Number of protein chains: 2
Amino acid sequence: MLEAGCGVGAQTITLARRSPLARFTSIDVSAASIAEARRRLDAEGIGNVELRQADLFSTGYPPASFDHVFVCFVLEHLARPAQALGSLKQLLRPGGTITVIEGDHGSTYFHPESAAAREAIDCQVELQRRAGGNALIGRELYPLLVEAGFDAVRVSPRMVYVDASRPQLVEGFTRRTFTAMIEGVREAALAAGLAKPERFDEGVRDLYRTAAADGVFCYTFFKAVAFRRAA
Amino acid sequence: MLEAGCGVGAQTITLARRSPLARFTSIDVSAASIAEARRRLDAEGIGNVELRQADLFSTGYPPASFDHVFVCFVLEHLARPAQALGSLKQLLRPGGTITVIEGDHGSTYFHPESAAAREAIDCQVELQRRAGGNALIGRELYPLLVEAGFDAVRVSPRMVYVDASRPQLVEGFTRRTFTAMIEGVREAALAAGLAKPERFDEGVRDLYRTAAADGVFCYTFFKAVAFRRAA
């Protein structure tokens, strides 16, 4: 199995543990990330993963080298996601499958509603766009995989719904994952002139406000599975 | 079981058929709707439903008259949804349950993205707001039921994800349900000065565009179940 864009190995550890009899090849374009992933995998005593620094557009692996390809939170950073998928398709044996998982920041809505919070999220989306990526890519997995020539594309959304009856999600997702991520682009958004400090901070406060007892927060991830047509 | 706000009986027929041994009381504030619901139920030969014209804020039924209350696509039209829920709670026996189902037009997103389509949807949301309702109420079911004093509130979102691999949803939901509904407020939106004709029509065209082979459409309904605390 090929994991394309493994980063520092966050998903790799889970994948390798869940399928101890599978042999994984995990690649990332960043040598620093690969070095960190190697450190983590060694620390966890995981032996069924080969790590290699490689660009997913030109990995050097022969065509049809893999039974399955896994891509998670990678396409959102690429300027040519359909071409990336086409490149990965060549690495897959005919009849092999690909799994793609991406988020979509445009799937975010919440209670209480807040225009400032929407503007703060839009800053993140715009920054990612300027960096060549697409923070709204989750909804596009179906057309992208079809465009790349995959067969039997099946997309299933995975909605994260958070209210006060689910305190682990309030803390783990609304506060520490999503809102912290938006908060994290504050300096970049201000430097790019995308927001005024007071307004951005108001937006972040309003996002934290959705984690209160009467607040609600919604976000959706998209998972797609598809086949390379059998020869 | 009490069905509050049955309208012309669209849900009533399904409910009564699925639970033939239950006894239903279905109320609506509109006498014309009740008359039409009676005609439909008679035509379907359904005998376990008592229909009555009544305001859900003052039904005339004694407290604790019902084991279960069902409310579907009703709160979105009410200026005081939490008070309506509080009123319905009194009709429920202690330990009885309520089921609430509502949509949320703010949960709509699609590919290709379109500002004109968003503006057309916003016209519908604004018209409903001016009529005293809330087209974004789905996300608020949890705080509303808690505010009304219900126990063990549990909300489950039901996301409708539509791409070309699901042609029945493309036709039945994206085109004939959601986009047709937005198209249906055209005259009201123009009369209210909420949109210019060309821009509104562009938005509707862009919504139909999401039903194309490479389009995607997303919408989420919310279902909540809660208890009246046992005495």
# chains A, B, ... in the order shown; residues from 1 in each chain; ligands from 1
>>> select_by_dssp(residues="range 80-202 of chain A", states="alpha helix (DSSP H)", output="PyMOL selection string")
chain A and resi 81-91+115-130+141-147+167-169+180-184+186-191+197-202
>>> write_last_selection(atoms="C-alpha atoms", output="PDB file, in the first residue's frame")
ATOM      1  CA  PRO A  81      -5.116  17.761  -7.556  1.00  0.00           C
ATOM      2  CA  ALA A  82      -6.637  15.914 -10.545  1.00  0.00           C
ATOM      3  CA  GLN A  83      -3.194  15.509 -12.104  1.00  0.00           C
ATOM      4  CA  ALA A  84      -1.857  14.241  -8.774  1.00  0.00           C
ATOM      5  CA  LEU A  85      -4.607  11.628  -8.701  1.00  0.00           C
ATOM      6  CA  GLY A  86      -3.832  10.679 -12.300  1.00  0.00           C
ATOM      7  CA  SER A  87      -0.185  10.209 -11.367  1.00  0.00           C
ATOM      8  CA  LEU A  88      -1.136   8.027  -8.401  1.00  0.00           C
ATOM      9  CA  LYS A  89      -3.498   5.993 -10.604  1.00  0.00           C
ATOM     10  CA  GLN A  90      -0.521   4.917 -12.723  1.00  0.00           C
ATOM     11  CA  LEU A  91       1.144   3.509  -9.609  1.00  0.00           C
ATOM     12  CA  ALA A 115     -20.355  37.090  10.297  1.00  0.00           C
ATOM     13  CA  ALA A 116     -17.013  37.806  11.995  1.00  0.00           C
ATOM     14  CA  ALA A 117     -16.382  34.085  12.473  1.00  0.00           C
ATOM     15  CA  ARG A 118     -17.181  33.444   8.795  1.00  0.00           C
ATOM     16  CA  GLU A 119     -14.740  36.181   7.787  1.00  0.00           C
ATOM     17  CA  ALA A 120     -11.993  34.661   9.953  1.00  0.00           C
ATOM     18  CA  ILE A 121     -12.564  31.257   8.325  1.00  0.00           C
ATOM     19  CA  ASP A 122     -12.521  32.936   4.900  1.00  0.00           C
ATOM     20  CA  CYS A 123      -9.062  34.313   5.761  1.00  0.00           C
ATOM     21  CA  GLN A 124      -7.788  30.759   6.142  1.00  0.00           C
ATOM     22  CA  VAL A 125      -9.444  29.706   2.878  1.00  0.00           C
ATOM     23  CA  GLU A 126      -7.924  32.671   1.046  1.00  0.00           C
ATOM     24  CA  LEU A 127      -4.444  32.081   2.489  1.00  0.00           C
ATOM     25  CA  GLN A 128      -4.587  28.443   1.400  1.00  0.00           C
ATOM     26  CA  ARG A 129      -5.746  29.534  -2.055  1.00  0.00           C
ATOM     27  CA  ARG A 130      -2.820  31.967  -2.341  1.00  0.00           C
ATOM     28  CA  LEU A 141     -13.554  14.586  -4.581  1.00  0.00           C
ATOM     29  CA  TYR A 142     -16.128  13.002  -6.884  1.00  0.00           C
ATOM     30  CA  PRO A 143     -15.424  15.155  -9.969  1.00  0.00           C
ATOM     31  CA  LEU A 144     -11.660  15.081  -9.315  1.00  0.00           C
ATOM     32  CA  LEU A 145     -11.500  11.273  -9.180  1.00  0.00           C
ATOM     33  CA  VAL A 146     -13.723  10.981 -12.253  1.00  0.00           C
ATOM     34  CA  GLU A 147     -11.517  13.480 -14.101  1.00  0.00           C
ATOM     35  CA  PRO A 167     -18.007  17.244  25.500  1.00  0.00           C
ATOM     36  CA  GLN A 168     -15.053  15.372  23.980  1.00  0.00           C
ATOM     37  CA  LEU A 169     -15.877  16.793  20.563  1.00  0.00           C
ATOM     38  CA  ALA A 180      -7.231  26.622  17.061  1.00  0.00           C
ATOM     39  CA  MET A 181      -6.406  26.207  13.372  1.00  0.00           C
ATOM     40  CA  ILE A 182      -8.192  29.445  12.464  1.00  0.00           C
ATOM     41  CA  GLU A 183      -6.554  31.216  15.404  1.00  0.00           C
ATOM     42  CA  GLY A 184      -3.235  29.931  14.078  1.00  0.00           C
ATOM     43  CA  ARG A 186      -3.966  35.232  12.646  1.00  0.00           C
ATOM     44  CA  GLU A 187      -0.530  36.698  11.903  1.00  0.00           C
ATOM     45  CA  ALA A 188      -0.538  35.528   8.283  1.00  0.00           C
ATOM     46  CA  ALA A 189      -4.048  36.915   7.715  1.00  0.00           C
ATOM     47  CA  LEU A 190      -3.129  40.288   9.202  1.00  0.00           C
ATOM     48  CA  ALA A 191       0.173  40.416   7.301  1.00  0.00           C
ATOM     49  CA  PRO A 197      -6.986  42.595  14.135  1.00  0.00           C
ATOM     50  CA  GLU A 198     -10.130  43.455  16.128  1.00  0.00           C
ATOM     51  CA  ARG A 199     -12.430  41.839  13.572  1.00  0.00           C
ATOM     52  CA  PHE A 200     -10.325  38.692  13.284  1.00  0.00           C
ATOM     53  CA  ASP A 201     -10.181  38.366  17.066  1.00  0.00           C
ATOM     54  CA  GLU A 202     -13.948  38.854  17.253  1.00  0.00           C
TER      55      GLU A 202
END
>>> interface_residues(of="chain A", to="chain B", cutoff="12 Å", atoms="only C-alpha atoms", output="ChimeraX atom specification")
/A:104-113,136-147,151-166,210,212-224
>>> residues_around(residues="Thr59 in chain B", least_positions_apart="2", cutoff="10 Å", atoms="only C-alpha atoms", output="count of residues only")
15
>>> closest_residue(among="A:Ala230, A:Ala43, A:Val204, A:Ala22", to="Gly9 in chain A", atoms="only C-alpha atoms")
A:Ala43
>>> select_by_dssp(residues="range 44-158 of chain B", states="strand (DSSP E or B)", output="VMD selection string")
chain B and resid 49 to 53 55 58 66 to 72 92 to 102 109 to 111 151 to 158
>>> write_last_selection(atoms="N, CA, C and O atoms", output="CSV table (one decimal), in the first residue's frame")
chain,number,residue,atom,x,y,z
B,49,VAL,N,-55.8,7.7,12.5
B,49,VAL,CA,-55.4,9.1,12.7
B,49,VAL,C,-56.7,10.0,13.0
B,49,VAL,O,-57.6,10.0,12.2
B,50,GLU,N,-56.6,10.7,14.1
B,50,GLU,CA,-57.7,11.7,14.4
B,50,GLU,C,-57.1,13.1,14.0
B,50,GLU,O,-56.1,13.5,14.5
B,51,LEU,N,-57.8,13.8,13.1
B,51,LEU,CA,-57.3,15.1,12.6
B,51,LEU,C,-58.1,16.2,13.4
B,51,LEU,O,-59.3,16.1,13.5
B,52,ARG,N,-57.4,17.2,13.8
B,52,ARG,CA,-58.1,18.3,14.4
B,52,ARG,C,-57.4,19.7,14.1
B,52,ARG,O,-56.2,19.7,14.2
B,53,GLN,N,-58.2,20.7,13.9
B,53,GLN,CA,-57.7,22.0,13.7
B,53,GLN,C,-57.4,22.6,15.1
B,53,GLN,O,-58.3,22.7,16.0
B,55,ASP,N,-54.2,25.1,17.4
B,55,ASP,CA,-53.0,25.9,17.5
B,55,ASP,C,-52.1,25.1,18.5
B,55,ASP,O,-52.6,24.8,19.6
B,58,SER,N,-52.0,26.2,22.1
B,58,SER,CA,-53.2,26.1,23.0
B,58,SER,C,-54.2,25.0,22.3
B,58,SER,O,-55.1,25.4,21.7
B,66,PHE,N,-50.2,12.6,25.8
B,66,PHE,CA,-49.6,11.8,24.7
B,66,PHE,C,-48.3,11.1,25.2
B,66,PHE,O,-47.6,11.6,26.1
B,67,ASP,N,-48.1,9.9,24.5
B,67,ASP,CA,-46.8,9.2,24.8
B,67,ASP,C,-45.7,9.7,24.0
B,67,ASP,O,-44.5,9.6,24.4
B,68,HIS,N,-46.0,10.3,22.8
B,68,HIS,CA,-44.9,10.8,21.9
B,68,HIS,C,-45.5,11.9,21.2
B,68,HIS,O,-46.6,12.0,20.8
B,69,VAL,N,-44.5,12.9,20.9
B,69,VAL,CA,-44.9,14.0,20.0
B,69,VAL,C,-43.9,14.0,18.8
B,69,VAL,O,-42.7,13.8,19.0
B,70,PHE,N,-44.5,14.3,17.7
B,70,PHE,CA,-43.7,14.4,16.4
B,70,PHE,C,-43.9,15.7,15.8
B,70,PHE,O,-45.0,16.2,15.6
B,71,VAL,N,-42.7,16.4,15.5
B,71,VAL,CA,-42.8,17.7,14.9
B,71,VAL,C,-41.8,17.7,13.7
B,71,VAL,O,-40.6,17.5,13.9
B,72,CYS,N,-42.3,18.0,12.5
B,72,CYS,CA,-41.5,17.9,11.3
B,72,CYS,C,-41.7,19.1,10.4
B,72,CYS,O,-42.8,19.3,10.0
B,92,LEU,N,-47.1,16.1,26.9
B,92,LEU,CA,-46.4,14.7,26.9
B,92,LEU,C,-46.4,14.2,28.3
B,92,LEU,O,-46.2,14.9,29.3
B,93,ARG,N,-46.7,12.9,28.4
B,93,ARG,CA,-46.6,12.3,29.7
B,93,ARG,C,-45.2,12.3,30.2
B,93,ARG,O,-44.3,12.2,29.4
B,94,PRO,N,-45.0,12.4,31.5
B,94,PRO,CA,-43.6,12.3,32.0
B,94,PRO,C,-43.0,11.0,31.6
B,94,PRO,O,-43.6,9.9,31.6
B,95,GLY,N,-41.7,11.1,31.1
B,95,GLY,CA,-41.1,9.9,30.5
B,95,GLY,C,-41.4,9.7,29.0
B,95,GLY,O,-40.7,8.9,28.3
B,96,GLY,N,-42.3,10.5,28.5
B,96,GLY,CA,-42.6,10.5,27.0
B,96,GLY,C,-41.5,11.1,26.2
B,96,GLY,O,-40.6,11.8,26.8
B,97,THR,N,-41.6,10.9,24.9
B,97,THR,CA,-40.5,11.4,24.0
B,97,THR,C,-41.0,12.3,22.9
B,97,THR,O,-42.2,12.2,22.6
B,98,ILE,N,-40.1,13.1,22.5
B,98,ILE,CA,-40.4,14.0,21.3
B,98,ILE,C,-39.4,13.8,20.2
B,98,ILE,O,-38.2,13.5,20.5
B,99,THR,N,-39.9,13.8,19.0
B,99,THR,CA,-39.0,13.7,17.8
B,99,THR,C,-39.2,15.0,17.0
B,99,THR,O,-40.3,15.4,16.7
B,100,VAL,N,-38.1,15.7,16.7
B,100,VAL,CA,-38.2,16.9,15.9
B,100,VAL,C,-37.3,16.8,14.7
B,100,VAL,O,-36.1,16.4,14.8
B,101,ILE,N,-37.8,17.1,13.6
B,101,ILE,CA,-37.0,17.1,12.3
B,101,ILE,C,-37.1,18.5,11.6
B,101,ILE,O,-38.2,19.0,11.4
B,102,GLU,N,-36.0,19.1,11.3
B,102,GLU,CA,-36.0,20.4,10.6
B,102,GLU,C,-34.8,20.4,9.6
B,102,GLU,O,-33.8,19.7,9.9
B,109,TYR,N,-24.1,23.6,0.6
B,109,TYR,CA,-23.0,24.0,-0.2
B,109,TYR,C,-22.9,23.1,-1.4
B,109,TYR,O,-23.5,22.1,-1.5
B,110,PHE,N,-22.0,23.5,-2.4
B,110,PHE,CA,-22.1,22.8,-3.7
B,110,PHE,C,-20.9,23.1,-4.5
B,110,PHE,O,-20.0,23.9,-4.1
B,111,HIS,N,-20.8,22.3,-5.6
B,111,HIS,CA,-19.7,22.5,-6.6
B,111,HIS,C,-20.3,22.5,-7.9
B,111,HIS,O,-21.1,21.6,-8.2
B,151,ASP,N,-35.1,16.6,28.5
B,151,ASP,CA,-34.0,15.8,29.0
B,151,ASP,C,-33.4,15.0,27.9
B,151,ASP,O,-34.0,14.6,27.0
B,152,ALA,N,-32.1,14.6,28.1
B,152,ALA,CA,-31.4,13.7,27.2
B,152,ALA,C,-31.6,14.0,25.8
B,152,ALA,O,-31.9,13.1,25.0
B,153,VAL,N,-31.4,15.2,25.4
B,153,VAL,CA,-31.6,15.7,24.0
B,153,VAL,C,-30.4,15.0,23.2
B,153,VAL,O,-29.3,15.1,23.5
B,154,ARG,N,-30.8,14.4,22.1
B,154,ARG,CA,-29.9,13.8,21.2
B,154,ARG,C,-30.1,14.2,19.8
B,154,ARG,O,-31.2,13.8,19.2
B,155,VAL,N,-29.2,14.9,19.2
B,155,VAL,CA,-29.4,15.4,17.8
B,155,VAL,C,-28.6,14.5,16.9
B,155,VAL,O,-27.4,14.3,17.1
B,156,SER,N,-29.1,14.1,15.8
B,156,SER,CA,-28.4,13.4,14.7
B,156,SER,C,-28.6,14.1,13.4
B,156,SER,O,-29.7,14.2,12.9
B,157,PRO,N,-27.5,14.6,12.8
B,157,PRO,CA,-27.7,15.2,11.5
B,157,PRO,C,-27.9,14.2,10.4
B,157,PRO,O,-27.3,13.1,10.5
B,158,ARG,N,-28.7,14.5,9.4
B,158,ARG,CA,-28.9,13.5,8.3
B,158,ARG,C,-28.5,14.3,7.0
B,158,ARG,O,-29.3,15.0,6.5
>>> residues_around(residues="Phe150 in chain A", least_positions_apart="6", cutoff="8 Å", atoms="only C-alpha atoms", output="number ranges by chain")
A: 89, 226-229
>>> atom_distance(atom1="CA of Phe24 in chain B", atom2="CA of Met1 in chain B")
4.8 Å
>>> atom_distance(atom1="CA of Gly5 in chain A", atom2="CA of Leu78 in chain A")
10.8 Å
>>> atom_distance(atom1="CA of Val74 in chain B", atom2="CA of Arg40 in chain B")
19.7 Å
>>> residues_around(residues="Ile13 in chain A", least_positions_apart="5", cutoff="12 Å", atoms="only C-alpha atoms", output="PDB file with N, CA, C and O atoms, in the first residue's frame")
ATOM      1  N   GLU A   3       1.096   5.188   0.827  1.00  0.00           N
ATOM      2  CA  GLU A   3       0.528   6.371   1.461  1.00  0.00           C
ATOM      3  C   GLU A   3       1.227   7.583   0.857  1.00  0.00           C
ATOM      4  O   GLU A   3       2.414   7.801   1.071  1.00  0.00           O
ATOM      5  N   CYS A   6       2.654  11.519   3.412  1.00  0.00           N
ATOM      6  CA  CYS A   6       2.478  11.021   4.788  1.00  0.00           C
ATOM      7  C   CYS A   6       2.811  12.075   5.832  1.00  0.00           C
ATOM      8  O   CYS A   6       2.484  11.909   7.009  1.00  0.00           O
ATOM      9  N   GLY A   7       3.471  13.179   5.405  1.00  0.00           N
ATOM     10  CA  GLY A   7       3.862  14.195   6.388  1.00  0.00           C
ATOM     11  C   GLY A   7       4.740  13.583   7.457  1.00  0.00           C
ATOM     12  O   GLY A   7       5.626  12.774   7.158  1.00  0.00           O
ATOM     13  N   VAL A   8       4.481  13.916   8.711  1.00  0.00           N
ATOM     14  CA  VAL A   8       5.299  13.394   9.816  1.00  0.00           C
ATOM     15  C   VAL A   8       4.758  12.069  10.346  1.00  0.00           C
ATOM     16  O   VAL A   8       5.145  11.619  11.427  1.00  0.00           O
ATOM     17  N   ARG A  18      -3.285  -0.829  12.261  1.00  0.00           N
ATOM     18  CA  ARG A  18      -4.559  -1.495  11.960  1.00  0.00           C
ATOM     19  C   ARG A  18      -4.399  -2.626  10.950  1.00  0.00           C
ATOM     20  O   ARG A  18      -5.233  -3.502  10.860  1.00  0.00           O
ATOM     21  N   SER A  19      -3.338  -2.565  10.159  1.00  0.00           N
ATOM     22  CA  SER A  19      -3.121  -3.597   9.138  1.00  0.00           C
ATOM     23  C   SER A  19      -1.695  -4.111   9.275  1.00  0.00           C
ATOM     24  O   SER A  19      -0.840  -3.865   8.424  1.00  0.00           O
ATOM     25  N   PRO A  20      -1.425  -4.861  10.355  1.00  0.00           N
ATOM     26  CA  PRO A  20      -0.039  -5.267  10.648  1.00  0.00           C
ATOM     27  C   PRO A  20       0.549  -6.205   9.591  1.00  0.00           C
ATOM     28  O   PRO A  20       1.772  -6.305   9.480  1.00  0.00           O
ATOM     29  N   PHE A  24       3.517  -1.224   3.895  1.00  0.00           N
ATOM     30  CA  PHE A  24       3.266   0.166   3.537  1.00  0.00           C
ATOM     31  C   PHE A  24       4.503   0.826   2.974  1.00  0.00           C
ATOM     32  O   PHE A  24       5.617   0.622   3.469  1.00  0.00           O
ATOM     33  N   SER A  26       5.343   4.792   2.523  1.00  0.00           N
ATOM     34  CA  SER A  26       4.827   6.132   2.800  1.00  0.00           C
ATOM     35  C   SER A  26       5.821   7.145   2.275  1.00  0.00           C
ATOM     36  O   SER A  26       7.000   7.118   2.623  1.00  0.00           O
ATOM     37  N   ALA A  37       8.926  11.466  10.596  1.00  0.00           N
ATOM     38  CA  ALA A  37       8.070  10.276  10.543  1.00  0.00           C
ATOM     39  C   ALA A  37       8.875   9.039  10.935  1.00  0.00           C
ATOM     40  O   ALA A  37       8.386   8.177  11.680  1.00  0.00           O
ATOM     41  N   ARG A  38      10.104   8.981  10.446  1.00  0.00           N
ATOM     42  CA  ARG A  38      10.953   7.827  10.767  1.00  0.00           C
ATOM     43  C   ARG A  38      11.200   7.750  12.274  1.00  0.00           C
ATOM     44  O   ARG A  38      11.111   6.674  12.884  1.00  0.00           O
ATOM     45  N   ARG A  39      11.482   8.905  12.879  1.00  0.00           N
ATOM     46  CA  ARG A  39      11.708   8.945  14.327  1.00  0.00           C
ATOM     47  C   ARG A  39      10.474   8.435  15.070  1.00  0.00           C
ATOM     48  O   ARG A  39      10.559   7.619  15.995  1.00  0.00           O
ATOM     49  N   ARG A  40       9.297   8.895  14.643  1.00  0.00           N
ATOM     50  CA  ARG A  40       8.063   8.498  15.328  1.00  0.00           C
ATOM     51  C   ARG A  40       7.760   7.011  15.165  1.00  0.00           C
ATOM     52  O   ARG A  40       7.364   6.339  16.118  1.00  0.00           O
ATOM     53  N   LEU A  41       7.944   6.520  13.948  1.00  0.00           N
ATOM     54  CA  LEU A  41       7.646   5.105  13.700  1.00  0.00           C
ATOM     55  C   LEU A  41       8.612   4.215  14.479  1.00  0.00           C
ATOM     56  O   LEU A  41       8.203   3.195  15.035  1.00  0.00           O
ATOM     57  N   ASP A  42       9.866   4.631  14.539  1.00  0.00           N
ATOM     58  CA  ASP A  42      10.837   3.863  15.312  1.00  0.00           C
ATOM     59  C   ASP A  42      10.445   3.852  16.786  1.00  0.00           C
ATOM     60  O   ASP A  42      10.509   2.826  17.457  1.00  0.00           O
ATOM     61  N   ALA A  43      10.034   5.039  17.280  1.00  0.00           N
ATOM     62  CA  ALA A  43       9.660   5.145  18.689  1.00  0.00           C
ATOM     63  C   ALA A  43       8.473   4.245  19.013  1.00  0.00           C
ATOM     64  O   ALA A  43       8.338   3.743  20.129  1.00  0.00           O
ATOM     65  N   GLU A  44       7.610   4.044  18.014  1.00  0.00           N
ATOM     66  CA  GLU A  44       6.423   3.207  18.227  1.00  0.00           C
ATOM     67  C   GLU A  44       6.695   1.736  17.906  1.00  0.00           C
ATOM     68  O   GLU A  44       5.806   0.894  18.059  1.00  0.00           O
ATOM     69  N   GLY A  45       7.896   1.466  17.432  1.00  0.00           N
ATOM     70  CA  GLY A  45       8.247   0.079  17.119  1.00  0.00           C
ATOM     71  C   GLY A  45       7.489  -0.492  15.932  1.00  0.00           C
ATOM     72  O   GLY A  45       7.178  -1.685  15.898  1.00  0.00           O
ATOM     73  N   ILE A  46       7.208   0.360  14.953  1.00  0.00           N
ATOM     74  CA  ILE A  46       6.441  -0.082  13.789  1.00  0.00           C
ATOM     75  C   ILE A  46       7.398  -0.495  12.680  1.00  0.00           C
ATOM     76  O   ILE A  46       8.262   0.286  12.270  1.00  0.00           O
ATOM     77  N   GLY A  47       7.246  -1.739  12.194  1.00  0.00           N
ATOM     78  CA  GLY A  47       8.224  -2.290  11.249  1.00  0.00           C
ATOM     79  C   GLY A  47       7.716  -2.525   9.841  1.00  0.00           C
ATOM     80  O   GLY A  47       8.494  -2.907   8.961  1.00  0.00           O
ATOM     81  N   ASN A  48       6.406  -2.312   9.584  1.00  0.00           N
ATOM     82  CA  ASN A  48       5.876  -2.645   8.250  1.00  0.00           C
ATOM     83  C   ASN A  48       5.713  -1.428   7.345  1.00  0.00           C
ATOM     84  O   ASN A  48       4.879  -1.422   6.453  1.00  0.00           O
ATOM     85  N   VAL A  49       6.533  -0.377   7.588  1.00  0.00           N
ATOM     86  CA  VAL A  49       6.442   0.838   6.776  1.00  0.00           C
ATOM     87  C   VAL A  49       7.806   1.194   6.212  1.00  0.00           C
ATOM     88  O   VAL A  49       8.777   1.322   6.960  1.00  0.00           O
ATOM     89  N   LEU A  51       9.690   4.232   4.494  1.00  0.00           N
ATOM     90  CA  LEU A  51       9.538   5.675   4.299  1.00  0.00           C
ATOM     91  C   LEU A  51      10.503   6.144   3.212  1.00  0.00           C
ATOM     92  O   LEU A  51      11.654   5.700   3.172  1.00  0.00           O
TER      93      LEU A  51
END
>>> residues_around(residues="His77 in chain B", least_positions_apart="2", cutoff="8 Å", atoms="only C-alpha atoms", output="number ranges by chain")
B: 73-75, 79, 128, 131-135
>>> decode(residues="range 123-129 of chain B", atoms="all heavy atoms", output="compact mmCIF listing (two decimals), in the first residue's frame")
# COMPACT_ATOMS: atom_id res chain seq x y z
N CYS B 123 -31.97 34.93 -0.24
CA CYS B 123 -33.29 35.56 -0.43
C CYS B 123 -34.37 34.73 0.27
O CYS B 123 -35.24 35.28 0.96
CB CYS B 123 -33.64 35.64 -1.92
SG CYS B 123 -32.72 36.90 -2.83
N GLN B 124 -34.31 33.41 0.09
CA GLN B 124 -35.31 32.54 0.73
C GLN B 124 -35.19 32.65 2.25
O GLN B 124 -36.20 32.74 2.96
CB GLN B 124 -35.10 31.10 0.25
CG GLN B 124 -36.31 30.19 0.43
CD GLN B 124 -36.50 29.77 1.87
OE1 GLN B 124 -35.58 29.81 2.67
NE2 GLN B 124 -37.73 29.39 2.21
N VAL B 125 -33.96 32.63 2.75
CA VAL B 125 -33.74 32.72 4.20
C VAL B 125 -34.29 34.04 4.74
O VAL B 125 -34.96 34.07 5.78
CB VAL B 125 -32.23 32.58 4.51
CG1 VAL B 125 -31.94 32.87 5.99
CG2 VAL B 125 -31.73 31.19 4.12
N GLU B 126 -34.05 35.11 4.02
CA GLU B 126 -34.52 36.43 4.46
C GLU B 126 -36.04 36.52 4.40
O GLU B 126 -36.67 37.08 5.31
CB GLU B 126 -33.87 37.52 3.61
CG GLU B 126 -34.32 38.94 3.92
CD GLU B 126 -34.04 39.38 5.36
OE1 GLU B 126 -33.21 38.74 6.04
OE2 GLU B 126 -34.68 40.36 5.80
N LEU B 127 -36.65 35.98 3.35
CA LEU B 127 -38.12 35.99 3.26
C LEU B 127 -38.74 35.22 4.42
O LEU B 127 -39.72 35.66 5.03
CB LEU B 127 -38.58 35.39 1.93
CG LEU B 127 -38.34 36.25 0.68
CD1 LEU B 127 -38.56 35.42 -0.57
CD2 LEU B 127 -39.25 37.48 0.69
N GLN B 128 -38.14 34.08 4.74
CA GLN B 128 -38.68 33.28 5.85
C GLN B 128 -38.51 34.01 7.17
O GLN B 128 -39.38 33.97 8.05
CB GLN B 128 -37.98 31.91 5.87
CG GLN B 128 -38.68 30.90 6.79
CD GLN B 128 -38.36 29.47 6.42
OE1 GLN B 128 -37.88 29.18 5.33
NE2 GLN B 128 -38.63 28.55 7.34
N ARG B 129 -37.40 34.73 7.31
CA ARG B 129 -37.16 35.52 8.53
C ARG B 129 -38.21 36.63 8.65
O ARG B 129 -38.76 36.87 9.72
CB ARG B 129 -35.75 36.12 8.49
CG ARG B 129 -35.27 36.69 9.81
CD ARG B 129 -33.97 37.47 9.65
NE ARG B 129 -34.15 38.70 8.88
CZ ARG B 129 -34.71 39.81 9.35
NH1 ARG B 129 -35.13 39.88 10.61
NH2 ARG B 129 -34.84 40.88 8.57
